[in-house]
Amino acid sequence: MARFWLCAAATIFFLAFAILYSRYSGSSVLREFTFHISWRTEEILYRLDVGWPKHSEYFTGATFCVAVDSLNGLLYIAQRGDNIQKVLVFTEDGYFLRAWNYTVDTPHGMFAASTLYEQSIWITDVGNGPFGHTIKKYNSFGDLVQVLGTPGKKGTGLNPLQFDNPAELYVEDTGDIYIVDGDGGLNNRLIKLSQDFMMLWLHGENGTGPAKFNIPHSVTVDSSGRVWVADRGNKRIQVFDKDTGVWLGAWNNCFTEEGPSSVRFTPDGKYLIIAQLNLSRLLFVAAPPVGSIGYCSVISSIQLADQVLPHLLDISEKTGAIYVAEIGAKQVQKYVPLKS
C-alpha cells in the first residue's frame with residue numbers, strides 16, 4: 001500500500017509540473033527553477049591542480065593575462081604593479097624560469113605564437129606611458145622584435161595603424177593576426193592583419209547590431225575557420241568567417257547576467273571555454289558543428305570564489321590544461337581535464 005501511495009504522489013507531482021510548464025513557460029520563476037535543475041546535472045570536466053605553481057611567491061602584482069607555448073611547454077604570465085617584473089615565465093609543470101620587464105607598461109592581453117621556425121610572445125599594452133596603446137612582439141627571452149601602433153598615443157588611424165587600449169590578439173600558425181581593439185572606448189573593432197601587417201579586413205563601429213561591438217575583449221579562432229569574439233559590453237559572442245570577415249551569427253542566451261571576458265577552444269574543438277569576470281565563473285559551452293552557429297549550450301561550469309575575477313585564460317594544446325589569470329586573487333590557477 002505504501003508503494004502505491006508513493007507512486008501516486010510522484011505521478012501527481014509530475015502532472016502538476018507539466019501543467020505549470022504549459023501555462024508559465026515564459027515565467028522567470030520557472031526559468032530559474034529549470035536553470036537550477038540543469039545546473040546540478042552538469043558534467044564535471046575539469047579539476048583544479050592544487051599543486052600548481054611550485055613558486056607562487058613570484059606573483060607580486062595583478063595577473064591580467066596568460067599565454068601557453070604548447071610546443072615548448074612554457075607559460076607566460078603578465079602582471080601589473082609598481083617596481084615589479086611584468087612578465088613571468090614558468091614551465092607548464094609550475095617551475096619558475098625567469099622574468100623580464102623591458103618596454104612593458106600596462107599589459108592587458110598576450111599570445112604565445114610557437115612554431116618549429118619561431119617562438120614569439122605578443123603583448124597588448126594599454127598604459128598611458130611611453131609604451132602604451134601598442135601591440136608588441138617579443139622573443140622568448142623578452143627582446144623587443146616588433147611594435148604595432150603609435151607608442152604612448154591612442155588613435156583611430158589605420159595608416160599608420162593606431163589603437164586605443166587593444167584588449168587581446170590571436171595569431172595563427174600562418175602568421176595572420178586577429179586583434180580586438182576596444183578596451184579604451186574610442187575604438188570598438190576587430191582587425192585582421194596578414195603576417196606582414198597588411199590590413200585584410202576590419203569591422204569597426206560601436207553599436208549593438210551585427211558586426212558592431214561594445215568593448216570587444218577577447219578573440220580566438222576554431223579549426224573550422226571561424227573567428228569568435230567576446231563582445232563583452234553587448235553580453236554576447238559574435239562569430240565571423242576568418243577568410244572573408246563575413247558575420248556568421250551571435251550567441252547571447254548564455255550571458256543574461258554578464259558578458260564574456262575571455263574565449264578559448266579546447267584542443268579537441270568540442271568546447272568553448274568562457275570566463276565571466278565579475279561573476280568569477282568559467283563556462284564550458286558545446287562547440288557548434290561546421291556550418292551552424294546555433295545557440296549557446298552550457299555543458300559544465302566552474303564557480304570560483306567571490307572577487308577572484310578571472311580576466312583572460314589560455315589552454316595548452318598538448319594537455320588541454322586551462323590557465324586562468326585572476327586579477328582579483330592576483331594569481332594564475334591551473335585546471336586539468338578530469339580524465340587526464
# chains A, B, ... in the order shown; residues from 1 in each chain; ligands from 1

$ residues_around --residues "segment 253-266 of chain A" --least-positions-apart "3" --cutoff "8 Å" --atoms "only C-alpha atoms" --output "mmCIF file with all heavy atoms, in the first residue's frame"
data_model
loop_
_atom_site.group_PDB
_atom_site.id
_atom_site.type_symbol
_atom_site.label_atom_id
_atom_site.label_comp_id
_atom_site.auth_asym_id
_atom_site.auth_seq_id
_atom_site.Cartn_x
_atom_site.Cartn_y
_atom_site.Cartn_z
ATOM 1 N N HIS A 217 36.636 42.111 -26.193
ATOM 2 C CA HIS A 217 37.629 41.897 -25.147
ATOM 3 C C HIS A 217 38.526 40.693 -25.377
ATOM 4 O O HIS A 217 39.620 40.624 -24.815
ATOM 5 C CB HIS A 217 36.906 41.747 -23.798
ATOM 6 C CG HIS A 217 37.773 41.911 -22.602
ATOM 7 N ND1 HIS A 217 38.322 40.844 -21.908
ATOM 8 C CD2 HIS A 217 38.213 43.027 -21.971
ATOM 9 C CE1 HIS A 217 39.037 41.308 -20.895
ATOM 10 N NE2 HIS A 217 38.999 42.622 -20.911
ATOM 11 N N SER A 218 38.097 39.740 -26.202
ATOM 12 C CA SER A 218 38.895 38.530 -26.416
ATOM 13 C C SER A 218 38.543 37.951 -27.777
ATOM 14 O O SER A 218 37.416 38.130 -28.268
ATOM 15 C CB SER A 218 38.626 37.508 -25.305
ATOM 16 O OG SER A 218 39.392 36.322 -25.475
ATOM 17 N N VAL A 219 39.492 37.245 -28.392
ATOM 18 C CA VAL A 219 39.276 36.689 -29.727
ATOM 19 C C VAL A 219 40.006 35.358 -29.842
ATOM 20 O O VAL A 219 41.094 35.171 -29.292
ATOM 21 C CB VAL A 219 39.754 37.685 -30.811
ATOM 22 C CG1 VAL A 219 41.242 38.013 -30.648
ATOM 23 C CG2 VAL A 219 39.466 37.170 -32.216
ATOM 24 N N THR A 220 39.385 34.420 -30.544
ATOM 25 C CA THR A 220 40.006 33.134 -30.823
ATOM 26 C C THR A 220 39.501 32.619 -32.158
ATOM 27 O O THR A 220 38.504 33.125 -32.699
ATOM 28 C CB THR A 220 39.721 32.133 -29.689
ATOM 29 O OG1 THR A 220 40.589 31.005 -29.815
ATOM 30 C CG2 THR A 220 38.271 31.648 -29.708
ATOM 31 N N ASP A 222 38.632 28.949 -34.406
ATOM 32 C CA ASP A 222 38.464 27.498 -34.307
ATOM 33 C C ASP A 222 39.024 26.804 -35.538
ATOM 34 O O ASP A 222 39.457 27.439 -36.505
ATOM 35 C CB ASP A 222 36.998 27.129 -34.041
ATOM 36 C CG ASP A 222 36.070 27.406 -35.225
ATOM 37 O OD1 ASP A 222 36.559 27.606 -36.364
ATOM 38 O OD2 ASP A 222 34.842 27.428 -35.021
ATOM 39 N N TRP A 228 35.867 33.910 -33.221
ATOM 40 C CA TRP A 228 34.932 34.101 -32.119
ATOM 41 C C TRP A 228 35.393 35.278 -31.270
ATOM 42 O O TRP A 228 36.539 35.304 -30.800
ATOM 43 C CB TRP A 228 34.850 32.826 -31.267
ATOM 44 C CG TRP A 228 34.344 31.647 -32.038
ATOM 45 C CD1 TRP A 228 35.013 30.944 -33.003
ATOM 46 C CD2 TRP A 228 33.054 31.031 -31.936
ATOM 47 N NE1 TRP A 228 34.223 29.931 -33.504
ATOM 48 C CE2 TRP A 228 33.011 29.969 -32.859
ATOM 49 C CE3 TRP A 228 31.946 31.280 -31.128
ATOM 50 C CZ2 TRP A 228 31.901 29.151 -33.011
ATOM 51 C CZ3 TRP A 228 30.835 30.472 -31.264
ATOM 52 C CH2 TRP A 228 30.817 29.423 -32.209
ATOM 53 N N VAL A 229 34.509 36.243 -31.077
ATOM 54 C CA VAL A 229 34.854 37.467 -30.364
ATOM 55 C C VAL A 229 33.958 37.631 -29.138
ATOM 56 O O VAL A 229 32.726 37.584 -29.241
ATOM 57 C CB VAL A 229 34.691 38.700 -31.279
ATOM 58 C CG1 VAL A 229 34.998 39.985 -30.497
ATOM 59 C CG2 VAL A 229 35.605 38.587 -32.495
ATOM 60 N N ALA A 230 34.592 37.839 -27.976
ATOM 61 C CA ALA A 230 33.854 38.148 -26.748
ATOM 62 C C ALA A 230 33.475 39.622 -26.781
ATOM 63 O O ALA A 230 34.303 40.494 -26.502
ATOM 64 C CB ALA A 230 34.710 37.831 -25.523
ATOM 65 N N ASP A 231 32.229 39.894 -27.147
ATOM 66 C CA ASP A 231 31.696 41.259 -27.216
ATOM 67 C C ASP A 231 31.121 41.587 -25.833
ATOM 68 O O ASP A 231 29.914 41.528 -25.605
ATOM 69 C CB ASP A 231 30.622 41.320 -28.309
ATOM 70 C CG ASP A 231 30.132 42.726 -28.593
ATOM 71 O OD1 ASP A 231 30.696 43.686 -28.030
ATOM 72 O OD2 ASP A 231 29.175 42.862 -29.373
ATOM 73 N N ARG A 232 32.026 41.938 -24.926
ATOM 74 C CA ARG A 232 31.692 41.956 -23.508
ATOM 75 C C ARG A 232 30.568 42.932 -23.154
ATOM 76 O O ARG A 232 29.633 42.599 -22.431
ATOM 77 C CB ARG A 232 32.948 42.283 -22.695
ATOM 78 C CG ARG A 232 32.779 42.167 -21.211
ATOM 79 C CD ARG A 232 34.142 42.227 -20.546
ATOM 80 N NE ARG A 232 34.234 43.351 -19.633
ATOM 81 C CZ ARG A 232 35.336 43.692 -18.990
ATOM 82 N NH1 ARG A 232 36.448 43.023 -19.187
ATOM 83 N NH2 ARG A 232 35.362 44.699 -18.168
ATOM 84 N N GLY A 233 30.661 44.156 -23.629
ATOM 85 C CA GLY A 233 29.655 45.154 -23.279
ATOM 86 C C GLY A 233 28.277 44.849 -23.819
ATOM 87 O O GLY A 233 27.268 45.264 -23.230
ATOM 88 N N ASN A 234 28.206 44.127 -24.926
ATOM 89 C CA ASN A 234 26.918 43.732 -25.513
ATOM 90 C C ASN A 234 26.429 42.384 -24.992
ATOM 91 O O ASN A 234 25.394 41.884 -25.454
ATOM 92 C CB ASN A 234 27.018 43.681 -27.038
ATOM 93 C CG ASN A 234 26.988 45.058 -27.668
ATOM 94 O OD1 ASN A 234 26.331 45.969 -27.167
ATOM 95 N ND2 ASN A 234 27.697 45.225 -28.777
ATOM 96 N N LYS A 235 27.169 41.766 -24.077
ATOM 97 C CA LYS A 235 26.793 40.490 -23.471
ATOM 98 C C LYS A 235 26.515 39.414 -24.526
ATOM 99 O O LYS A 235 25.474 38.767 -24.541
ATOM 100 C CB LYS A 235 25.568 40.651 -22.569
ATOM 101 C CG LYS A 235 25.805 41.545 -21.361
ATOM 102 C CD LYS A 235 24.579 41.595 -20.453
ATOM 103 C CE LYS A 235 24.830 42.447 -19.243
ATOM 104 N NZ LYS A 235 23.652 42.487 -18.340
ATOM 105 N N ARG A 236 27.499 39.225 -25.390
ATOM 106 C CA ARG A 236 27.331 38.219 -26.442
ATOM 107 C C ARG A 236 28.683 37.819 -27.010
ATOM 108 O O ARG A 236 29.710 38.455 -26.740
ATOM 109 C CB ARG A 236 26.452 38.771 -27.567
ATOM 110 C CG ARG A 236 27.080 39.950 -28.314
ATOM 111 C CD ARG A 236 26.154 40.508 -29.366
ATOM 112 N NE ARG A 236 26.751 41.658 -30.049
ATOM 113 C CZ ARG A 236 26.141 42.359 -30.995
ATOM 114 N NH1 ARG A 236 24.900 42.058 -31.377
ATOM 115 N NH2 ARG A 236 26.752 43.385 -31.577
ATOM 116 N N ILE A 237 28.666 36.743 -27.794
ATOM 117 C CA ILE A 237 29.807 36.335 -28.596
ATOM 118 C C ILE A 237 29.405 36.455 -30.056
ATOM 119 O O ILE A 237 28.332 35.966 -30.457
ATOM 120 C CB ILE A 237 30.243 34.896 -28.271
ATOM 121 C CG1 ILE A 237 30.864 34.832 -26.871
ATOM 122 C CG2 ILE A 237 31.227 34.376 -29.308
ATOM 123 C CD1 ILE A 237 31.215 33.434 -26.420
ATOM 124 N N GLY A 269 38.439 20.737 -29.857
ATOM 125 C CA GLY A 269 37.418 21.538 -30.504
ATOM 126 C C GLY A 269 36.002 21.298 -30.017
ATOM 127 O O GLY A 269 35.054 21.848 -30.572
ATOM 128 N N LYS A 270 35.838 20.491 -28.966
ATOM 129 C CA LYS A 270 34.495 20.152 -28.501
ATOM 130 C C LYS A 270 33.850 21.264 -27.676
ATOM 131 O O LYS A 270 32.625 21.402 -27.673
ATOM 132 C CB LYS A 270 34.534 18.865 -27.668
ATOM 133 C CG LYS A 270 34.849 17.609 -28.459
ATOM 134 C CD LYS A 270 34.932 16.390 -27.545
ATOM 135 C CE LYS A 270 33.630 16.121 -26.834
ATOM 136 N NZ LYS A 270 33.695 14.885 -26.005
ATOM 137 N N TYR A 271 34.674 22.042 -26.977
ATOM 138 C CA TYR A 271 34.123 23.038 -26.050
ATOM 139 C C TYR A 271 34.779 24.399 -26.249
ATOM 140 O O TYR A 271 35.986 24.494 -26.524
ATOM 141 C CB TYR A 271 34.335 22.601 -24.595
ATOM 142 C CG TYR A 271 33.774 21.241 -24.277
ATOM 143 C CD1 TYR A 271 34.626 20.150 -24.099
ATOM 144 C CD2 TYR A 271 32.402 21.026 -24.160
ATOM 145 C CE1 TYR A 271 34.128 18.889 -23.815
ATOM 146 C CE2 TYR A 271 31.896 19.769 -23.880
ATOM 147 C CZ TYR A 271 32.759 18.704 -23.714
ATOM 148 O OH TYR A 271 32.263 17.455 -23.432
ATOM 149 N N LEU A 272 33.965 25.421 -26.092
ATOM 150 C CA LEU A 272 34.462 26.783 -25.985
ATOM 151 C C LEU A 272 34.436 27.144 -24.505
ATOM 152 O O LEU A 272 33.398 27.037 -23.849
ATOM 153 C CB LEU A 272 33.580 27.754 -26.771
ATOM 154 C CG LEU A 272 33.987 29.233 -26.728
ATOM 155 C CD1 LEU A 272 35.350 29.436 -27.377
ATOM 156 C CD2 LEU A 272 32.935 30.097 -27.425
ATOM 157 N N ILE A 273 35.589 27.540 -23.970
ATOM 158 C CA ILE A 273 35.687 27.892 -22.559
ATOM 159 C C ILE A 273 35.625 29.408 -22.436
ATOM 160 O O ILE A 273 36.354 30.129 -23.120
ATOM 161 C CB ILE A 273 36.966 27.337 -21.936
ATOM 162 C CG1 ILE A 273 37.001 25.810 -22.121
ATOM 163 C CG2 ILE A 273 37.048 27.690 -20.457
ATOM 164 C CD1 ILE A 273 38.239 25.155 -21.589
ATOM 165 N N ILE A 274 34.752 29.872 -21.571
ATOM 166 C CA ILE A 274 34.438 31.297 -21.453
ATOM 167 C C ILE A 274 34.624 31.735 -20.012
ATOM 168 O O ILE A 274 34.138 31.072 -19.094
ATOM 169 C CB ILE A 274 32.981 31.561 -21.895
ATOM 170 C CG1 ILE A 274 32.760 31.091 -23.337
ATOM 171 C CG2 ILE A 274 32.614 33.037 -21.726
ATOM 172 C CD1 ILE A 274 31.298 30.965 -23.721
ATOM 173 N N ALA A 275 35.312 32.850 -19.818
ATOM 174 C CA ALA A 275 35.433 33.447 -18.487
ATOM 175 C C ALA A 275 34.443 34.595 -18.361
ATOM 176 O O ALA A 275 34.254 35.373 -19.299
ATOM 177 C CB ALA A 275 36.850 33.955 -18.251
ATOM 178 N N GLN A 276 33.798 34.684 -17.192
ATOM 179 C CA GLN A 276 32.936 35.818 -16.855
ATOM 180 C C GLN A 276 33.565 36.510 -15.648
ATOM 181 O O GLN A 276 33.593 35.954 -14.543
ATOM 182 C CB GLN A 276 31.515 35.349 -16.565
ATOM 183 C CG GLN A 276 30.795 34.837 -17.816
ATOM 184 C CD GLN A 276 29.388 34.360 -17.522
ATOM 185 O OE1 GLN A 276 29.205 33.362 -16.829
ATOM 186 N NE2 GLN A 276 28.394 35.077 -18.036
ATOM 187 N N LEU A 277 34.063 37.705 -15.877
ATOM 188 C CA LEU A 277 34.924 38.389 -14.922
ATOM 189 C C LEU A 277 34.263 38.621 -13.568
ATOM 190 O O LEU A 277 34.718 38.116 -12.542
ATOM 191 C CB LEU A 277 35.375 39.718 -15.522
ATOM 192 C CG LEU A 277 36.263 40.598 -14.645
ATOM 193 C CD1 LEU A 277 37.643 39.980 -14.486
ATOM 194 C CD2 LEU A 277 36.383 41.997 -15.249
ATOM 195 N N ASN A 278 33.201 39.399 -13.536
ATOM 196 C CA ASN A 278 32.608 39.812 -12.260
ATOM 197 C C ASN A 278 31.809 38.712 -11.580
ATOM 198 O O ASN A 278 31.604 38.757 -10.362
ATOM 199 C CB ASN A 278 31.740 41.052 -12.468
ATOM 200 C CG ASN A 278 32.571 42.258 -12.877
ATOM 201 O OD1 ASN A 278 33.503 42.646 -12.190
ATOM 202 N ND2 ASN A 278 32.249 42.841 -14.024
ATOM 203 N N LEU A 279 31.372 37.719 -12.350
ATOM 204 C CA LEU A 279 30.699 36.569 -11.754
ATOM 205 C C LEU A 279 31.705 35.547 -11.227
ATOM 206 O O LEU A 279 31.305 34.582 -10.565
ATOM 207 C CB LEU A 279 29.783 35.892 -12.780
ATOM 208 C CG LEU A 279 28.534 36.672 -13.211
ATOM 209 C CD1 LEU A 279 27.796 35.909 -14.306
ATOM 210 C CD2 LEU A 279 27.613 36.924 -12.030
ATOM 211 N N TYR A 295 22.762 27.880 -30.872
ATOM 212 C CA TYR A 295 22.612 28.584 -29.614
ATOM 213 C C TYR A 295 23.674 28.121 -28.620
ATOM 214 O O TYR A 295 24.198 27.017 -28.706
ATOM 215 C CB TYR A 295 21.216 28.330 -29.026
ATOM 216 C CG TYR A 295 20.104 28.908 -29.857
ATOM 217 C CD1 TYR A 295 19.466 28.134 -30.820
ATOM 218 C CD2 TYR A 295 19.705 30.230 -29.693
ATOM 219 C CE1 TYR A 295 18.449 28.657 -31.603
ATOM 220 C CE2 TYR A 295 18.687 30.767 -30.462
ATOM 221 C CZ TYR A 295 18.055 29.979 -31.421
ATOM 222 O OH TYR A 295 17.062 30.512 -32.186
ATOM 223 N N CYS A 296 23.953 28.979 -27.666
ATOM 224 C CA CYS A 296 24.911 28.676 -26.609
ATOM 225 C C CYS A 296 24.322 27.632 -25.664
ATOM 226 O O CYS A 296 23.237 27.820 -25.122
ATOM 227 C CB CYS A 296 25.237 29.961 -25.862
ATOM 228 S SG CYS A 296 26.373 29.765 -24.492
ATOM 229 N N SER A 297 25.033 26.518 -25.474
ATOM 230 C CA SER A 297 24.563 25.443 -24.608
ATOM 231 C C SER A 297 25.646 25.109 -23.588
ATOM 232 O O SER A 297 26.696 24.549 -23.936
ATOM 233 C CB SER A 297 24.231 24.201 -25.431
ATOM 234 O OG SER A 297 23.858 23.120 -24.605
ATOM 235 N N VAL A 298 25.409 25.473 -22.319
ATOM 236 C CA VAL A 298 26.387 25.249 -21.257
ATOM 237 C C VAL A 298 26.385 23.777 -20.849
ATOM 238 O O VAL A 298 25.363 23.232 -20.447
ATOM 239 C CB VAL A 298 26.096 26.138 -20.035
ATOM 240 C CG1 VAL A 298 27.075 25.826 -18.906
ATOM 241 C CG2 VAL A 298 26.174 27.611 -20.402
ATOM 242 N N HIS A 311 40.155 37.056 -15.621
ATOM 243 C CA HIS A 311 40.197 38.086 -16.669
ATOM 244 C C HIS A 311 40.373 37.477 -18.056
ATOM 245 O O HIS A 311 39.524 37.611 -18.921
ATOM 246 C CB HIS A 311 41.319 39.085 -16.347
ATOM 247 C CG HIS A 311 41.385 40.241 -17.271
ATOM 248 N ND1 HIS A 311 42.463 40.484 -18.098
ATOM 249 C CD2 HIS A 311 40.495 41.242 -17.495
ATOM 250 C CE1 HIS A 311 42.245 41.581 -18.795
ATOM 251 N NE2 HIS A 311 41.060 42.061 -18.446
ATOM 252 N N LEU A 312 41.519 36.813 -18.269
ATOM 253 C CA LEU A 312 41.790 36.137 -19.528
ATOM 254 C C LEU A 312 42.375 34.763 -19.233
ATOM 255 O O LEU A 312 42.990 34.549 -18.175
ATOM 256 C CB LEU A 312 42.759 36.960 -20.381
ATOM 257 C CG LEU A 312 42.196 38.273 -20.954
ATOM 258 C CD1 LEU A 312 43.316 39.106 -21.551
ATOM 259 C CD2 LEU A 312 41.107 38.012 -21.988
ATOM 260 N N LEU A 313 42.210 33.837 -20.166
ATOM 261 C CA LEU A 313 42.698 32.472 -19.985
ATOM 262 C C LEU A 313 43.338 31.965 -21.261
ATOM 263 O O LEU A 313 43.153 32.522 -22.342
ATOM 264 C CB LEU A 313 41.566 31.551 -19.527
ATOM 265 C CG LEU A 313 40.352 31.370 -20.439
ATOM 266 C CD1 LEU A 313 40.569 30.261 -21.464
ATOM 267 C CD2 LEU A 313 39.106 31.054 -19.624
ATOM 268 N N ASP A 314 44.093 30.883 -21.121
ATOM 269 C CA ASP A 314 44.648 30.197 -22.282
ATOM 270 C C ASP A 314 44.687 28.710 -21.987
ATOM 271 O O ASP A 314 44.574 28.284 -20.826
ATOM 272 C CB ASP A 314 46.042 30.723 -22.618
ATOM 273 C CG ASP A 314 46.398 30.495 -24.088
ATOM 274 O OD1 ASP A 314 45.522 30.046 -24.862
ATOM 275 O OD2 ASP A 314 47.547 30.768 -24.476
ATOM 276 N N ILE A 315 44.868 27.907 -23.050
ATOM 277 C CA ILE A 315 44.774 26.453 -22.946
ATOM 278 C C ILE A 315 45.973 25.803 -23.614
ATOM 279 O O ILE A 315 46.390 26.217 -24.707
ATOM 280 C CB ILE A 315 43.468 25.945 -23.595
ATOM 281 C CG1 ILE A 315 42.254 26.568 -22.904
ATOM 282 C CG2 ILE A 315 43.384 24.428 -23.540
ATOM 283 C CD1 ILE A 315 40.938 26.192 -23.527
ATOM 284 N N GLU A 317 47.648 23.236 -25.864
ATOM 285 C CA GLU A 317 47.220 22.403 -26.982
ATOM 286 C C GLU A 317 47.625 20.949 -26.794
ATOM 287 O O GLU A 317 47.047 20.057 -27.405
ATOM 288 C CB GLU A 317 47.809 22.949 -28.289
ATOM 289 C CG GLU A 317 47.238 24.278 -28.730
ATOM 290 C CD GLU A 317 45.758 24.186 -29.056
ATOM 291 O OE1 GLU A 317 45.342 23.182 -29.666
ATOM 292 O OE2 GLU A 317 45.011 25.117 -28.700
ATOM 293 N N GLY A 320 45.568 20.070 -22.760
ATOM 294 C CA GLY A 320 44.205 20.557 -22.520
ATOM 295 C C GLY A 320 44.060 21.322 -21.220
ATOM 296 O O GLY A 320 42.955 21.742 -20.868
#

$ select_by_dssp --residues "segment 176-287 of chain A" --states "strand (DSSP E or B)" --output "PyMOL selection string"
chain A and resi 177-181+189-193+199-204+206+213+216-221+226-231+236-241+247-251+262-265+271-276+281-286

$ closest_residue --among "A:Phe213, A:Trp247, A:Tyr102, A:Trp122" --to "Asp69 of chain A" --atoms "only C-alpha atoms"
A:Trp122

$ closest_residue --among "A:Ala112, A:Trp201, A:Asp93, A:Arg226" --to "Trp52 of chain A" --atoms "only C-alpha atoms"
A:Asp93

$ residues_around --residues "Ile121 of chain A" --least-positions-apart "3" --cutoff "6 Å" --atoms "only C-alpha atoms" --output "PyMOL selection string"
chain A and resi 111-112+137-138

$ closest_residue --among "A:Gly225, A:Pro216, A:Pro107, A:Gly249" --to "His133 of chain A" --atoms "only C-alpha atoms"
A:Pro107

$ residues_around --residues "segment 323-332 of chain A" --least-positions-apart "5" --cutoff "10 Å" --atoms "only C-alpha atoms" --output "CSV table (one decimal) with N, CA and C atoms, in the first residue's frame"
chain,number,residue,atom,x,y,z
A,52,TRP,N,49.8,23.5,-8.3
A,52,TRP,CA,50.4,24.4,-9.3
A,52,TRP,C,50.2,25.9,-8.9
A,53,PRO,N,51.2,26.8,-9.0
A,53,PRO,CA,52.6,26.5,-9.4
A,53,PRO,C,53.4,26.1,-8.2
A,56,SER,N,54.6,30.2,-6.1
A,56,SER,CA,53.6,31.2,-6.2
A,56,SER,C,54.0,32.6,-5.7
A,57,GLU,N,55.2,32.6,-5.0
A,57,GLU,CA,55.6,33.9,-4.5
A,57,GLU,C,56.1,34.9,-5.5
A,58,TYR,N,56.2,34.4,-6.8
A,58,TYR,CA,56.6,35.3,-7.9
A,58,TYR,C,55.4,36.2,-8.3
A,59,PHE,N,54.2,35.8,-7.9
A,59,PHE,CA,53.0,36.6,-8.3
A,59,PHE,C,53.0,37.8,-7.3
A,60,THR,N,53.5,39.0,-7.8
A,60,THR,CA,53.6,40.2,-6.9
A,60,THR,C,52.7,41.3,-7.4
A,61,GLY,N,51.9,41.1,-8.4
A,61,GLY,CA,51.0,42.1,-8.9
A,61,GLY,C,49.7,41.5,-9.3
A,62,ALA,N,48.9,42.3,-10.0
A,62,ALA,CA,47.6,41.9,-10.5
A,62,ALA,C,47.8,41.1,-11.8
A,63,THR,N,47.6,39.8,-11.9
A,63,THR,CA,47.8,39.0,-13.0
A,63,THR,C,46.7,39.2,-14.0
A,64,PHE,N,47.0,39.8,-15.2
A,64,PHE,CA,46.0,40.1,-16.1
A,64,PHE,C,45.8,39.1,-17.3
A,65,CYS,N,46.9,38.5,-17.6
A,65,CYS,CA,46.8,37.6,-18.8
A,65,CYS,C,47.8,36.5,-18.7
A,66,VAL,N,47.6,35.5,-19.6
A,66,VAL,CA,48.5,34.3,-19.6
A,66,VAL,C,48.5,33.8,-21.0
A,67,ALA,N,49.6,33.2,-21.4
A,67,ALA,CA,49.8,32.6,-22.7
A,67,ALA,C,50.6,31.3,-22.6
A,68,VAL,N,50.1,30.3,-23.3
A,68,VAL,CA,50.8,29.0,-23.3
A,68,VAL,C,51.6,28.7,-24.6
A,75,LEU,N,54.9,28.7,-20.0
A,75,LEU,CA,53.7,29.5,-19.7
A,75,LEU,C,54.2,30.9,-19.4
A,77,ILE,N,53.1,34.8,-18.2
A,77,ILE,CA,52.1,35.5,-17.4
A,77,ILE,C,52.5,37.0,-17.3
A,78,ALA,N,51.6,37.9,-17.5
A,78,ALA,CA,51.9,39.3,-17.4
A,78,ALA,C,51.1,39.9,-16.2
A,79,GLN,N,51.7,40.6,-15.4
A,79,GLN,CA,51.1,41.2,-14.2
A,79,GLN,C,51.4,42.7,-14.2
A,80,ARG,N,50.5,43.4,-13.5
A,80,ARG,CA,50.7,44.9,-13.3
A,80,ARG,C,51.1,45.2,-11.9
A,92,GLU,N,55.1,24.5,-17.8
A,92,GLU,CA,53.7,24.0,-17.6
A,92,GLU,C,53.6,23.2,-16.3
A,262,SER,N,36.6,36.3,-21.8
A,262,SER,CA,37.7,35.5,-22.4
A,262,SER,C,37.1,34.3,-23.2
A,275,ALA,N,35.3,32.9,-19.8
A,275,ALA,CA,35.4,33.4,-18.5
A,275,ALA,C,34.4,34.6,-18.4
A,277,LEU,N,34.1,37.7,-15.9
A,277,LEU,CA,34.9,38.4,-14.9
A,277,LEU,C,34.3,38.6,-13.6
A,278,ASN,N,33.2,39.4,-13.5
A,278,ASN,CA,32.6,39.8,-12.3
A,278,ASN,C,31.8,38.7,-11.6
A,280,SER,N,33.0,35.7,-11.5
A,280,SER,CA,34.0,34.8,-11.2
A,280,SER,C,33.6,33.4,-11.5
A,282,LEU,N,33.7,30.2,-14.8
A,282,LEU,CA,34.1,29.7,-16.1
A,282,LEU,C,33.0,28.8,-16.7
A,305,ALA,N,35.6,31.5,-6.2
A,305,ALA,CA,35.3,32.3,-5.1
A,305,ALA,C,35.0,33.7,-5.5
A,306,ASP,N,34.2,34.4,-4.7
A,306,ASP,CA,33.9,35.8,-5.0
A,306,ASP,C,35.1,36.7,-5.1
A,307,GLN,N,35.1,37.6,-6.0
A,307,GLN,CA,36.2,38.6,-6.2
A,307,GLN,C,37.5,37.9,-6.7
A,308,VAL,N,37.4,36.7,-7.2
A,308,VAL,CA,38.6,36.1,-7.8
A,308,VAL,C,38.9,36.8,-9.2
A,309,LEU,N,37.8,37.1,-9.9
A,309,LEU,CA,37.8,37.9,-11.1
A,309,LEU,C,38.7,37.3,-12.2
A,310,PRO,N,38.3,36.2,-12.9
A,310,PRO,CA,39.1,35.6,-14.0
A,310,PRO,C,39.0,36.6,-15.2
A,311,HIS,N,40.2,37.1,-15.6
A,311,HIS,CA,40.2,38.1,-16.7
A,311,HIS,C,40.4,37.5,-18.1
A,312,LEU,N,41.5,36.8,-18.3
A,312,LEU,CA,41.8,36.1,-19.5
A,312,LEU,C,42.4,34.8,-19.2
A,313,LEU,N,42.2,33.8,-20.2
A,313,LEU,CA,42.7,32.5,-20.0
A,313,LEU,C,43.3,32.0,-21.3
A,314,ASP,N,44.1,30.9,-21.1
A,314,ASP,CA,44.6,30.2,-22.3
A,314,ASP,C,44.7,28.7,-22.0
A,315,ILE,N,44.9,27.9,-23.0
A,315,ILE,CA,44.8,26.5,-22.9
A,315,ILE,C,46.0,25.8,-23.6
A,316,SER,N,46.5,24.8,-23.0
A,316,SER,CA,47.6,24.0,-23.6
A,316,SER,C,47.1,23.1,-24.7

$ closest_residue --among "A:Leu338, A:Asp173, A:Gly245, A:Thr208" --to "Leu190 of chain A" --atoms "only C-alpha atoms"
A:Gly245

$ residues_around --residues "segment 149-160 of chain A" --least-positions-apart "3" --cutoff "12 Å" --atoms "only C-alpha atoms" --output "VMD selection string"
chain A and resid 103 to 106 124 to 137 146 163 to 166 179 181 to 189 191 to 193 197 to 202 204 to 205

$ atom_distance --atom1 "atom CA of Gly209 of chain A" --atom2 "atom CA of Lys242 of chain A"
19.3 Å
